[in-house]
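Engineer: Coordinates in start_21.pdb, PDB, C-alpha atoms, are listed below.
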```
MODEL        1
ATOM      1  CA  MET A 382     -51.680  -4.326  62.996
ATOM      2  CA  ARG A 383     -52.189  -3.708  59.310
ATOM      3  CA  ARG A 384     -55.173  -5.198  57.546
ATOM      4  CA  PHE A 385     -56.829  -4.944  54.188
ATOM      5  CA  VAL A 386     -59.936  -2.823  53.757
ATOM      6  CA  LYS A 387     -62.856  -4.906  52.521
ATOM      7  CA  PRO A 388     -64.934  -2.667  50.223
ATOM      8  CA  ARG A 389     -68.623  -2.725  51.039
ATOM      9  CA  GLY A 390     -70.511  -5.099  48.830
ATOM     10  CA  TRP A 391     -67.727  -7.724  48.766
ATOM     11  CA  LEU A 392     -69.150  -9.720  51.674
ATOM     12  CA  LEU A 393     -72.204 -10.851  49.739
ATOM     13  CA  LEU A 394     -70.042 -11.558  46.691
ATOM     14  CA  VAL A 395     -67.612 -13.730  48.645
ATOM     15  CA  VAL A 396     -70.383 -15.593  50.467
ATOM     16  CA  GLY A 397     -72.107 -16.181  47.149
ATOM     17  CA  ILE A 398     -68.937 -17.611  45.627
ATOM     18  CA  LEU A 399     -67.797 -19.684  48.574
ATOM     19  CA  GLY A 400     -71.090 -20.796  50.080
ATOM     20  CA  CYS A 401     -71.869 -20.881  53.809
ATOM     21  CA  ASN A 402     -69.225 -23.484  54.599
ATOM     22  CA  GLY A 403     -66.383 -21.468  53.018
ATOM     23  CA  SER A 404     -65.838 -23.834  50.108
ATOM     24  CA  PHE A 405     -66.591 -23.473  46.416
ATOM     25  CA  PRO A 406     -70.093 -24.730  45.554
ATOM     26  CA  SER A 407     -70.230 -27.953  43.610
ATOM     27  CA  GLY A 408     -69.404 -27.356  39.977
ATOM     28  CA  SER A 409     -68.209 -23.747  40.491
ATOM     29  CA  ALA A 410     -64.602 -24.261  41.540
ATOM     30  CA  PRO A 411     -62.119 -23.343  38.830
ATOM     31  CA  SER A 412     -60.601 -26.367  37.143
ATOM     32  CA  SER A 413     -56.896 -27.001  37.609
ATOM     33  CA  ARG A 414     -56.160 -25.459  34.220
ATOM     34  CA  THR A 415     -58.749 -22.694  34.007
ATOM     35  CA  SER A 416     -57.565 -19.125  33.746
ATOM     36  CA  ASN A 417     -58.076 -16.549  36.493
ATOM     37  CA  ALA A 418     -61.579 -15.063  36.443
ATOM     38  CA  VAL A 419     -61.291 -11.343  37.085
ATOM     39  CA  ILE A 420     -63.990  -9.968  39.365
ATOM     40  CA  SER A 421     -65.107  -6.467  38.396
ATOM     41  CA  ASP A 422     -64.080  -3.716  40.828
ATOM     42  CA  THR A 423     -66.991  -1.554  41.980
ATOM     43  CA  LYS A 424     -65.940   1.858  43.279
ATOM     44  CA  THR A 425     -68.251   3.741  45.626
ATOM     45  CA  ALA A 426     -68.983   7.398  45.068
ATOM     46  CA  GLY A 427     -67.555   8.225  48.463
ATOM     47  CA  ASP A 428     -64.200   6.569  47.816
ATOM     48  CA  ALA A 429     -61.763   9.488  47.895
ATOM     49  CA  SER A 430     -58.992   7.339  46.437
ATOM     50  CA  ALA A 431     -61.032   5.991  43.518
ATOM     51  CA  ASP A 432     -59.084   8.030  40.994
ATOM     52  CA  PHE A 433     -55.888   6.323  42.151
ATOM     53  CA  ALA A 434     -57.209   2.884  41.186
ATOM     54  CA  GLY A 435     -56.776   1.380  37.753
ATOM     55  CA  ALA A 436     -59.600   0.489  35.395
ATOM     56  CA  LYS A 437     -58.369  -2.767  33.881
ATOM     57  CA  ALA A 438     -55.581  -5.313  34.297
ATOM     58  CA  GLY A 439     -52.265  -3.969  33.091
ATOM     59  CA  ASP A 440     -53.096  -0.268  33.409
ATOM     60  CA  GLU A 441     -49.920   1.622  34.333
ATOM     61  CA  ARG A 442     -49.081   4.315  36.872
ATOM     62  CA  GLU A 443     -45.845   5.762  38.241
ATOM     63  CA  VAL A 444     -45.366   6.636  41.919
ATOM     64  CA  ALA A 445     -42.055   7.812  43.436
ATOM     65  CA  GLY A 446     -40.318   6.926  40.190
ATOM     66  CA  ILE A 447     -41.604   3.344  40.415
ATOM     67  CA  LYS A 448     -43.676   2.082  37.490
ATOM     68  CA  LEU A 449     -46.619  -0.104  38.467
ATOM     69  CA  CYS A 450     -49.248  -2.267  36.754
ATOM     70  CA  TRP A 451     -52.840  -2.691  37.919
ATOM     71  CA  CYS A 452     -54.013  -6.062  39.225
ATOM     72  CA  PRO A 453     -57.829  -6.226  39.639
ATOM     73  CA  PRO A 454     -59.654  -8.403  42.178
ATOM     74  CA  GLY A 455     -60.165 -11.973  41.078
ATOM     75  CA  ARG A 456     -60.025 -15.663  41.831
ATOM     76  CA  PHE A 457     -57.480 -18.210  40.718
ATOM     77  CA  ARG A 458     -56.083 -21.618  41.486
ATOM     78  CA  MET A 459     -52.734 -21.236  43.247
ATOM     79  CA  GLY A 460     -50.051 -23.907  42.946
ATOM     80  CA  SER A 461     -49.407 -26.494  40.240
ATOM     81  CA  PRO A 462     -51.473 -29.433  38.946
ATOM     82  CA  PRO A 463     -50.181 -32.967  39.632
ATOM     83  CA  ASP A 464     -49.082 -33.455  36.020
ATOM     84  CA  GLU A 465     -46.941 -30.295  35.763
ATOM     85  CA  PRO A 466     -43.358 -31.353  34.970
ATOM     86  CA  GLU A 467     -40.834 -30.912  37.811
ATOM     87  CA  ARG A 468     -43.414 -29.640  40.307
ATOM     88  CA  ARG A 469     -42.665 -29.877  44.046
ATOM     89  CA  PRO A 470     -44.751 -31.320  46.935
ATOM     90  CA  ASP A 471     -45.394 -27.901  48.476
ATOM     91  CA  GLU A 472     -47.262 -26.725  45.365
ATOM     92  CA  THR A 473     -50.544 -28.582  46.021
ATOM     93  CA  GLN A 474     -53.261 -26.426  44.536
ATOM     94  CA  VAL A 475     -55.676 -24.280  46.543
ATOM     95  CA  ASP A 476     -58.447 -21.923  45.462
ATOM     96  CA  VAL A 477     -57.859 -18.250  46.227
ATOM     97  CA  ILE A 478     -60.104 -15.190  46.048
ATOM     98  CA  LEU A 479     -58.461 -11.768  46.151
ATOM     99  CA  THR A 480     -61.113  -9.152  46.970
ATOM    100  CA  GLN A 481     -58.520  -6.377  46.942
ATOM    101  CA  ASP A 482     -57.196  -4.731  43.811
ATOM    102  CA  PHE A 483     -53.570  -3.583  43.947
ATOM    103  CA  TRP A 484     -50.707  -2.056  42.004
ATOM    104  CA  MET A 485     -47.703  -4.323  41.390
ATOM    105  CA  GLY A 486     -44.225  -3.077  40.500
ATOM    106  CA  LYS A 487     -43.720  -3.407  36.753
ATOM    107  CA  TYR A 488     -40.076  -4.273  37.468
ATOM    108  CA  GLU A 489     -38.019  -5.461  40.391
ATOM    109  CA  VAL A 490     -36.861  -2.598  42.603
ATOM    110  CA  THR A 491     -33.683  -1.167  41.101
ATOM    111  CA  GLN A 492     -30.459   0.072  42.618
ATOM    112  CA  GLY A 493     -31.321   3.578  41.451
ATOM    113  CA  GLN A 494     -34.691   3.503  43.210
ATOM    114  CA  TRP A 495     -33.125   2.172  46.396
ATOM    115  CA  LYS A 496     -30.537   4.948  46.457
ATOM    116  CA  ARG A 497     -33.134   7.658  45.836
ATOM    117  CA  ILE A 498     -35.517   6.409  48.519
ATOM    118  CA  VAL A 499     -33.304   4.808  51.192
ATOM    119  CA  GLY A 500     -29.668   5.748  50.526
ATOM    120  CA  ASN A 501     -26.704   3.392  50.461
ATOM    121  CA  LEU A 502     -27.248  -0.024  48.906
ATOM    122  CA  PRO A 503     -28.115  -2.687  51.492
ATOM    123  CA  GLY A 504     -25.279  -5.050  50.570
ATOM    124  CA  PRO A 505     -22.212  -5.362  48.364
ATOM    125  CA  LEU A 506     -22.280  -5.653  44.596
ATOM    126  CA  THR A 507     -20.679  -8.702  43.003
ATOM    127  CA  ALA A 508     -19.596  -9.905  39.580
ATOM    128  CA  GLU A 509     -23.048 -11.511  39.281
ATOM    129  CA  LEU A 510     -24.842  -8.421  40.633
ATOM    130  CA  PRO A 511     -23.255  -5.565  38.649
ATOM    131  CA  ALA A 512     -23.662  -1.894  39.474
ATOM    132  CA  GLY A 513     -26.273   0.017  37.489
ATOM    133  CA  GLU A 514     -29.196   2.341  38.128
ATOM    134  CA  ASP A 515     -31.500  -0.011  36.192
ATOM    135  CA  PHE A 516     -30.113  -3.240  37.633
ATOM    136  CA  PRO A 517     -32.111  -4.881  40.436
ATOM    137  CA  VAL A 518     -31.102  -4.230  44.009
ATOM    138  CA  GLY A 519     -29.829  -7.446  45.621
ATOM    139  CA  ASN A 520     -28.103  -8.587  48.777
ATOM    140  CA  VAL A 521     -31.142  -7.294  50.657
ATOM    141  CA  ASN A 522     -32.754  -9.029  53.607
ATOM    142  CA  TYR A 523     -36.444  -9.096  54.436
ATOM    143  CA  ALA A 524     -36.403  -6.314  57.043
ATOM    144  CA  GLU A 525     -34.545  -4.005  54.670
ATOM    145  CA  ALA A 526     -37.087  -4.650  51.932
ATOM    146  CA  GLU A 527     -39.850  -3.773  54.400
ATOM    147  CA  THR A 528     -37.972  -0.602  55.338
ATOM    148  CA  PHE A 529     -37.923   0.410  51.681
ATOM    149  CA  CYS A 530     -41.709   0.036  51.514
ATOM    150  CA  ARG A 531     -42.252   2.030  54.696
ATOM    151  CA  THR A 532     -39.898   4.807  53.619
ATOM    152  CA  ALA A 533     -41.424   5.021  50.141
ATOM    153  CA  THR A 534     -44.895   5.338  51.673
ATOM    154  CA  GLU A 535     -43.793   8.166  53.953
ATOM    155  CA  LEU A 536     -42.048  10.068  51.147
ATOM    156  CA  VAL A 537     -44.921   9.944  48.669
ATOM    157  CA  ARG A 538     -47.453  10.803  51.371
ATOM    158  CA  GLN A 539     -45.483  13.968  52.028
ATOM    159  CA  SER A 540     -45.435  14.830  48.327
ATOM    160  CA  GLY A 541     -49.157  14.141  47.967
ATOM    161  CA  ASP A 542     -48.637  11.461  45.319
ATOM    162  CA  LEU A 543     -50.148   8.664  47.425
ATOM    163  CA  PRO A 544     -53.745   9.010  48.673
ATOM    164  CA  ALA A 545     -54.666   8.133  52.231
ATOM    165  CA  GLY A 546     -55.558   4.470  52.556
ATOM    166  CA  TRP A 547     -52.848   3.211  50.197
ATOM    167  CA  GLU A 548     -49.360   1.928  51.154
ATOM    168  CA  PHE A 549     -46.297   0.297  49.638
ATOM    169  CA  TRP A 550     -45.899  -3.285  50.848
ATOM    170  CA  LEU A 551     -44.193  -6.465  49.827
ATOM    171  CA  PRO A 552     -46.691  -8.716  48.030
ATOM    172  CA  THR A 553     -48.261 -11.645  49.788
ATOM    173  CA  GLU A 554     -47.445 -14.983  48.231
ATOM    174  CA  ALA A 555     -50.956 -15.147  46.768
ATOM    175  CA  GLN A 556     -50.698 -11.654  45.276
ATOM    176  CA  TRP A 557     -47.326 -12.536  43.791
ATOM    177  CA  GLU A 558     -48.519 -15.704  42.038
ATOM    178  CA  TYR A 559     -51.774 -14.086  40.899
ATOM    179  CA  ALA A 560     -49.816 -11.247  39.281
ATOM    180  CA  CYS A 561     -47.229 -13.639  37.838
ATOM    181  CA  ARG A 562     -49.900 -15.771  36.197
ATOM    182  CA  ALA A 563     -51.775 -12.684  34.949
ATOM    183  CA  GLY A 564     -54.743 -14.768  33.852
ATOM    184  CA  THR A 565     -52.709 -17.653  32.419
ATOM    185  CA  LYS A 566     -53.307 -21.287  33.287
ATOM    186  CA  THR A 567     -49.947 -22.745  32.241
ATOM    187  CA  ALA A 568     -46.692 -23.517  34.049
ATOM    188  CA  THR A 569     -45.339 -20.070  33.172
ATOM    189  CA  ALA A 570     -46.917 -16.865  31.891
ATOM    190  CA  PHE A 571     -45.460 -17.759  28.471
ATOM    191  CA  GLY A 572     -46.828 -21.286  28.249
ATOM    192  CA  ASP A 573     -45.927 -24.766  29.485
ATOM    193  CA  ASN A 574     -42.236 -24.371  28.690
ATOM    194  CA  LEU A 575     -39.652 -21.614  29.187
ATOM    195  CA  SER A 576     -36.587 -20.582  27.213
ATOM    196  CA  SER A 577     -33.767 -18.354  28.405
ATOM    197  CA  LYS A 578     -34.786 -16.117  25.511
ATOM    198  CA  GLN A 579     -37.888 -15.349  27.583
ATOM    199  CA  ALA A 580     -36.336 -15.034  31.045
ATOM    200  CA  ASN A 581     -32.921 -14.573  32.613
ATOM    201  CA  PHE A 582     -31.849 -17.995  33.878
ATOM    202  CA  GLN A 583     -28.956 -20.286  33.133
ATOM    203  CA  GLY A 584     -28.728 -23.939  32.304
ATOM    204  CA  LYS A 585     -31.436 -26.275  31.051
ATOM    205  CA  PRO A 586     -34.572 -24.763  29.479
ATOM    206  CA  TYR A 587     -37.866 -25.831  31.012
ATOM    207  CA  ASN A 588     -39.898 -28.655  29.506
ATOM    208  CA  GLY A 589     -38.212 -28.871  26.115
ATOM    209  CA  ALA A 590     -38.093 -25.148  25.303
ATOM    210  CA  GLU A 591     -35.549 -23.698  22.907
ATOM    211  CA  LYS A 592     -32.134 -23.111  24.421
ATOM    212  CA  GLY A 593     -31.141 -19.452  24.673
ATOM    213  CA  PRO A 594     -28.302 -17.395  26.146
ATOM    214  CA  SER A 595     -27.135 -17.807  29.750
ATOM    215  CA  LEU A 596     -25.847 -14.518  31.142
ATOM    216  CA  ASN A 597     -24.714 -16.045  34.464
ATOM    217  CA  ARG A 598     -25.552 -12.755  36.195
ATOM    218  CA  ALA A 599     -28.373 -10.321  36.842
ATOM    219  CA  THR A 600     -29.243  -7.877  34.086
ATOM    220  CA  LYS A 601     -31.182  -4.641  33.678
ATOM    221  CA  VAL A 602     -34.820  -4.954  34.662
ATOM    222  CA  GLY A 603     -37.195  -5.185  31.737
ATOM    223  CA  SER A 604     -34.681  -6.818  29.412
ATOM    224  CA  TYR A 605     -37.042  -9.752  28.789
ATOM    225  CA  PRO A 606     -40.684  -9.874  27.629
ATOM    226  CA  ALA A 607     -43.522  -8.825  29.942
ATOM    227  CA  ASN A 608     -46.370 -11.095  31.011
ATOM    228  CA  PRO A 609     -49.965 -10.344  29.870
ATOM    229  CA  TRP A 610     -50.405  -7.712  32.599
ATOM    230  CA  GLY A 611     -47.216  -5.857  31.657
ATOM    231  CA  LEU A 612     -44.984  -7.206  34.449
ATOM    232  CA  HIS A 613     -41.365  -8.008  33.609
ATOM    233  CA  ASP A 614     -38.980 -10.558  35.153
ATOM    234  CA  MET A 615     -41.601 -12.431  37.177
ATOM    235  CA  HIS A 616     -39.651 -15.409  35.837
ATOM    236  CA  GLY A 617     -35.901 -15.193  36.409
ATOM    237  CA  ASN A 618     -33.310 -12.443  36.879
ATOM    238  CA  ILE A 619     -33.496 -12.231  40.682
ATOM    239  CA  CYS A 620     -35.550 -13.902  43.428
ATOM    240  CA  GLU A 621     -38.161 -11.756  45.148
ATOM    241  CA  TRP A 622     -39.170 -11.567  48.820
ATOM    242  CA  CYS A 623     -42.843 -12.025  49.690
ATOM    243  CA  ARG A 624     -44.545 -10.928  52.934
ATOM    244  CA  ASP A 625     -45.585 -14.404  54.047
ATOM    245  CA  TRP A 626     -43.854 -16.797  56.361
ATOM    246  CA  TYR A 627     -43.210 -20.070  54.562
ATOM    247  CA  HIS A 628     -45.809 -22.791  55.182
ATOM    248  CA  ALA A 629     -45.446 -26.216  53.584
ATOM    249  CA  LYS A 630     -49.098 -25.964  52.517
ATOM    250  CA  LEU A 631     -50.129 -23.063  50.317
ATOM    251  CA  PRO A 632     -52.595 -20.601  51.846
ATOM    252  CA  GLY A 633     -56.006 -20.621  50.231
ATOM    253  CA  GLY A 634     -59.311 -18.889  50.804
ATOM    254  CA  VAL A 635     -60.088 -15.177  50.794
ATOM    255  CA  ASP A 636     -57.181 -12.693  50.798
ATOM    256  CA  PRO A 637     -54.671 -15.086  52.406
ATOM    257  CA  ASP A 638     -51.897 -13.265  54.276
ATOM    258  CA  LEU A 639     -49.471 -15.284  56.416
ATOM    259  CA  SER A 640     -47.118 -12.410  57.169
ATOM    260  CA  SER A 641     -47.775 -12.688  60.914
ATOM    261  CA  VAL A 642     -48.239 -16.472  61.166
ATOM    262  CA  LYS A 643     -45.023 -18.444  61.442
ATOM    263  CA  GLY A 644     -45.215 -21.725  59.602
ATOM    264  CA  THR A 645     -43.037 -24.746  58.905
ATOM    265  CA  ARG A 646     -39.824 -24.874  60.946
ATOM    266  CA  ASN A 647     -36.461 -25.307  59.308
ATOM    267  CA  ARG A 648     -34.278 -28.181  60.468
ATOM    268  CA  ASP A 649     -32.419 -25.885  62.862
ATOM    269  CA  GLY A 650     -35.649 -24.656  64.448
ATOM    270  CA  THR A 651     -35.737 -21.295  62.657
ATOM    271  CA  PHE A 652     -38.449 -20.030  60.325
ATOM    272  CA  SER A 653     -38.270 -18.738  56.774
ATOM    273  CA  ARG A 654     -40.069 -16.186  54.648
ATOM    274  CA  VAL A 655     -41.180 -16.986  51.108
ATOM    275  CA  ARG A 656     -39.294 -15.921  48.024
ATOM    276  CA  ARG A 657     -40.566 -16.332  44.498
ATOM    277  CA  GLY A 658     -39.647 -15.956  40.851
ATOM    278  CA  GLY A 659     -36.455 -17.893  40.171
ATOM    279  CA  THR A 660     -33.124 -16.310  39.346
ATOM    280  CA  TRP A 661     -30.270 -15.953  36.882
ATOM    281  CA  CYS A 662     -28.408 -18.841  38.567
ATOM    282  CA  ASP A 663     -31.250 -21.386  38.257
ATOM    283  CA  ASP A 664     -32.214 -23.854  35.565
ATOM    284  CA  GLY A 665     -35.529 -23.237  33.866
ATOM    285  CA  TRP A 666     -37.806 -25.326  36.102
ATOM    286  CA  PRO A 667     -37.522 -23.175  39.290
ATOM    287  CA  ASN A 668     -38.814 -20.247  37.244
ATOM    288  CA  ARG A 669     -42.320 -21.723  36.979
ATOM    289  CA  SER A 670     -45.213 -19.597  38.269
ATOM    290  CA  ALA A 671     -45.941 -21.998  41.146
ATOM    291  CA  PHE A 672     -42.371 -22.626  42.319
ATOM    292  CA  ARG A 673     -41.746 -21.671  45.972
ATOM    293  CA  GLN A 674     -38.566 -21.138  47.945
ATOM    294  CA  ARG A 675     -37.891 -20.457  51.617
ATOM    295  CA  PHE A 676     -35.156 -18.296  53.103
ATOM    296  CA  GLU A 677     -34.422 -17.044  56.607
ATOM    297  CA  PRO A 678     -35.468 -13.368  56.698
ATOM    298  CA  GLU A 679     -32.247 -12.048  58.235
ATOM    299  CA  ARG A 680     -30.086 -13.520  55.487
ATOM    300  CA  ARG A 681     -29.118 -11.881  52.189
ATOM    301  CA  TYR A 682     -27.665 -13.026  48.896
ATOM    302  CA  ASP A 683     -26.740 -11.353  45.645
ATOM    303  CA  HIS A 684     -29.538 -13.120  43.750
ATOM    304  CA  ILE A 685     -32.307 -12.038  46.151
ATOM    305  CA  GLY A 686     -34.201  -8.779  45.715
ATOM    306  CA  PHE A 687     -37.869  -7.767  45.684
ATOM    307  CA  ARG A 688     -40.654  -5.846  43.970
ATOM    308  CA  VAL A 689     -43.377  -3.794  45.621
ATOM    309  CA  VAL A 690     -47.138  -3.579  45.610
ATOM    310  CA  ILE A 691     -49.335  -0.620  46.544
ATOM    311  CA  VAL A 692     -52.392  -1.863  48.420
ATOM    312  CA  ARG A 693     -55.449  -0.453  50.146
ATOM    313  CA  THR A 694     -55.076  -0.512  53.944
ATOM    314  CA  ALA A 695     -57.245   0.170  56.948
ATOM    315  CA  SER A 696     -54.800   2.611  58.527
ATOM    316  CA  ASP A 697     -51.335   4.036  58.122
ATOM    317  CA  SER A 698     -50.021   2.021  61.087
ATOM    318  CA  ARG A 699     -47.505  -0.775  60.599
ATOM    319  CA  ASP A 700     -46.546  -3.833  62.609
TER     320      ASP A 700
ENDMDL
END
```
For this file, write the structure as structure tokens.

Structural biologist:
Amino acid sequence: MRRFVKPRGWLLLVVGILGCNGSFPSGSAPSSRTSNAVISDTKTAGDASADFAGAKAGDEREVAGIKLCWCPPGRFRMGSPPDEPERRPDETQVDVILTQDFWMGKYEVTQGQWKRIVGNLPGPLTAELPAGEDFPVGNVNYAEAETFCRTATELVRQSGDLPAGWEFWLPTEAQWEYACRAGTKTATAFGDNLSSKQANFQGKPYNGAEKGPSLNRATKVGSYPANPWGLHDMHGNICEWCRDWYHAKLPGGVDPDLSSVKGTRNRDGTFSRVRRGGTWCDDGWPNRSAFRQRFEPERRYDHIGFRVVIVRTASDSRD
């Protein structure tokens, strides 16, 4: 079983923030529109992988040909406030503390990266998912995305580019939204509206934004502006798998990870994983930071891909 490593010194910090009953003390919970408060990352002298960590949000590193941006520990309010236009019932806000810093892929995983690390593309290309080394990989199911992470970890361990105690994973749902928001408190990382000049989606702009072009297909990663932490296409282009099983209620608390806890059943009795980020075939509103989608993990579609994180782990073992 994989688990996060809790750096020494975090226990007192978390208890101090949450209080003995696990809730935010009166008056200390972040308001529904406050920005993420980044908690400083203290590295111990004995941490052999300290040099691999970033120093501040948005720092960049490249591993196995994958560009990454640093996401420091912090706390934020996950979900959307009741007055956010076109919000959904499963976005009820919860308070989250992430004690673990991590690297997040600057872009969605590309076809070129998939071919270099795994081999043949996982599914067929389409008119809406064109071929291209810098185009996102799509038509990938959850298990295949996990295989990419496992294979990438093994390859860079062999080359010495990844210190012990770090692994490629899919992001948890909380990590994904934290990185998407990147300290912002609005419906998107660009404000309370969204134009298709800012993200690759088609149809109606979100919340009165200026109308822009509709490509009606995926495009090269990084073709649209980055969020404040340097991450591109967190809104639009292609949907992204997360580790978690879908639960109708958002996970809150400290380092929430529902990757091994099945949640809300689908109508046919099956379960779904979470996907995030919106896509080229959506209107603007599903591209909000808090928007959630479910999808059965064995299925694939040409508008579903993923991005990776590199996280600290307790061991090199995997589920």

Engineer: Please evaluate the PyMOL selection byres ((chain A and resi 549) around 8) against the displayed coordinates and give the resulting residues as a ChimeraX atom specification.

Structural biologist: /A:530-531,533-534,547-548,550-551,689-692

Engineer: Taking the file as shown, find all residues satisfying the PyMOL selection byres ((chain A and resi 595-599) around 6) and write them as a PDB file with C-alpha atoms, keeping the file's coordinate frame.

Structural biologist:
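New file selection-v9.pdb:
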```pdb
ATOM      1  CA  GLU A 509     -23.048 -11.511  39.281  1.00  0.00           C
ATOM      2  CA  LEU A 510     -24.842  -8.421  40.633  1.00  0.00           C
ATOM      3  CA  GLN A 583     -28.956 -20.286  33.133  1.00  0.00           C
ATOM      4  CA  PRO A 594     -28.302 -17.395  26.146  1.00  0.00           C
ATOM      5  CA  THR A 600     -29.243  -7.877  34.086  1.00  0.00           C
ATOM      6  CA  ASN A 618     -33.310 -12.443  36.879  1.00  0.00           C
ATOM      7  CA  TRP A 661     -30.270 -15.953  36.882  1.00  0.00           C
TER       8      TRP A 661
END
```

Engineer: List as a list in words the residues having at least one atom at most 12 Å from position (-38.9, -32.7, 27.1) as given in the file, counting only C-alpha atoms.

Structural biologist: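 Returned residue set, sorted by chain then number, is Pro466, Glu467, Asp573, Asn574, Leu575, Lys585, Pro586, Tyr587, Asn588, Gly589, Ala590, Glu591 and Trp666 of chain A.
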
Engineer: Could you write out the selected residues, including C-alpha atoms, as a PDB file, in the coordinates of the input?

Structural biologist:
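Final output, selection32.pdb:
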```pdb
ATOM      1  CA  PRO A 466     -43.358 -31.353  34.970  1.00  0.00           C
ATOM      2  CA  GLU A 467     -40.834 -30.912  37.811  1.00  0.00           C
ATOM      3  CA  ASP A 573     -45.927 -24.766  29.485  1.00  0.00           C
ATOM      4  CA  ASN A 574     -42.236 -24.371  28.690  1.00  0.00           C
ATOM      5  CA  LEU A 575     -39.652 -21.614  29.187  1.00  0.00           C
ATOM      6  CA  LYS A 585     -31.436 -26.275  31.051  1.00  0.00           C
ATOM      7  CA  PRO A 586     -34.572 -24.763  29.479  1.00  0.00           C
ATOM      8  CA  TYR A 587     -37.866 -25.831  31.012  1.00  0.00           C
ATOM      9  CA  ASN A 588     -39.898 -28.655  29.506  1.00  0.00           C
ATOM     10  CA  GLY A 589     -38.212 -28.871  26.115  1.00  0.00           C
ATOM     11  CA  ALA A 590     -38.093 -25.148  25.303  1.00  0.00           C
ATOM     12  CA  GLU A 591     -35.549 -23.698  22.907  1.00  0.00           C
ATOM     13  CA  TRP A 666     -37.806 -25.326  36.102  1.00  0.00           C
TER      14      TRP A 666
END
```

Engineer: Give the answer as one residue: which of A:Lys496, A:Lys437, A:Lys578, A:Arg654 has the shortest atom-to-atom distance to Tyr523 (chain A), using all atoms listed in the file?

Structural biologist: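 Under the stated criterion, the closest residue is A:Arg654.
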
Engineer: Go ahead and find all residues with at least one atom no further than 6 Å from (-26.8, -8.9, 46.9) in the file's coordinates, using all atoms listed in the file; report them as JSON, numbers by chain.

Structural biologist: {"A": [504, 505, 519, 520, 521, 682, 683, 684]}

Engineer: How far is it from CA of Arg624 (chain A) to CA of Gly446 (chain A), in Å with one decimal?

Structural biologist: 22.3 Å

Engineer: Find the residues near Asp625 (chain A): any atom within 8 Å, counting all atoms listed in the file, skip ones fewer than 2 places away on the same chain, and give them as a list in words.

Structural biologist: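 The neighbour list is Thr553, Glu554, Cys623, Tyr627, Asp638, Leu639, Ser640, Ser641, Val642, Arg654 and Val655 of chain A.
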
Engineer: Applying 12 Å and all atoms listed in the file, which residues near Arg497 (chain A) remain after dropping the ones on its own chain fewer than 5 positions away? List them as a list in words.

Structural biologist: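 Here the answer would be Ala445, Gly446, Ile447, Val490, Thr491, Gln492, Leu502, Glu514, Phe529, Thr532, Ala533 and Leu536 of chain A.
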
Engineer: May I ask for the distance between CA of Lys487 (chain A) and CA of Gly633 (chain A), given in Å to one decimal place?

Structural biologist: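 Going from CA of Lys487 (chain A) over to CA of Gly633 (chain A) covers 25.1 Å.
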
Engineer: Output region 596-607 of chain A with N, CA and C atoms present, as a PDB file, in the coordinates of the input.

Structural biologist:
```
ATOM      1  N   LEU A 596     -26.680 -15.657  30.775  1.00  0.00           N
ATOM      2  CA  LEU A 596     -25.847 -14.518  31.142  1.00  0.00           C
ATOM      3  C   LEU A 596     -24.968 -14.800  32.348  1.00  0.00           C
ATOM      4  N   ASN A 597     -25.428 -15.703  33.227  1.00  0.00           N
ATOM      5  CA  ASN A 597     -24.714 -16.045  34.464  1.00  0.00           C
ATOM      6  C   ASN A 597     -24.591 -14.845  35.400  1.00  0.00           C
ATOM      7  N   ARG A 598     -25.534 -13.943  35.323  1.00  0.00           N
ATOM      8  CA  ARG A 598     -25.552 -12.755  36.195  1.00  0.00           C
ATOM      9  C   ARG A 598     -26.910 -12.080  36.058  1.00  0.00           C
ATOM     10  N   ALA A 599     -27.186 -11.159  36.972  1.00  0.00           N
ATOM     11  CA  ALA A 599     -28.373 -10.321  36.842  1.00  0.00           C
ATOM     12  C   ALA A 599     -28.195  -9.357  35.674  1.00  0.00           C
ATOM     13  N   THR A 600     -29.298  -8.854  35.172  1.00  0.00           N
ATOM     14  CA  THR A 600     -29.243  -7.877  34.086  1.00  0.00           C
ATOM     15  C   THR A 600     -30.248  -6.765  34.358  1.00  0.00           C
ATOM     16  N   LYS A 601     -30.265  -5.761  33.504  1.00  0.00           N
ATOM     17  CA  LYS A 601     -31.182  -4.641  33.678  1.00  0.00           C
ATOM     18  C   LYS A 601     -32.627  -5.131  33.711  1.00  0.00           C
ATOM     19  N   VAL A 602     -33.413  -4.563  34.590  1.00  0.00           N
ATOM     20  CA  VAL A 602     -34.820  -4.954  34.662  1.00  0.00           C
ATOM     21  C   VAL A 602     -35.502  -4.610  33.346  1.00  0.00           C
ATOM     22  N   GLY A 603     -36.462  -5.434  32.968  1.00  0.00           N
ATOM     23  CA  GLY A 603     -37.195  -5.185  31.737  1.00  0.00           C
ATOM     24  C   GLY A 603     -36.492  -5.615  30.475  1.00  0.00           C
ATOM     25  N   SER A 604     -35.411  -6.378  30.602  1.00  0.00           N
ATOM     26  CA  SER A 604     -34.681  -6.818  29.412  1.00  0.00           C
ATOM     27  C   SER A 604     -35.357  -7.978  28.698  1.00  0.00           C
ATOM     28  N   TYR A 605     -36.346  -8.595  29.353  1.00  0.00           N
ATOM     29  CA  TYR A 605     -37.042  -9.752  28.789  1.00  0.00           C
ATOM     30  C   TYR A 605     -38.535  -9.424  28.655  1.00  0.00           C
ATOM     31  N   PRO A 606     -39.277 -10.208  27.890  1.00  0.00           N
ATOM     32  CA  PRO A 606     -40.684  -9.874  27.629  1.00  0.00           C
ATOM     33  C   PRO A 606     -41.530  -9.793  28.901  1.00  0.00           C
ATOM     34  N   ALA A 607     -42.572  -8.969  28.837  1.00  0.00           N
ATOM     35  CA  ALA A 607     -43.522  -8.825  29.942  1.00  0.00           C
ATOM     36  C   ALA A 607     -44.588  -9.918  29.870  1.00  0.00           C
TER      37      ALA A 607
END
```
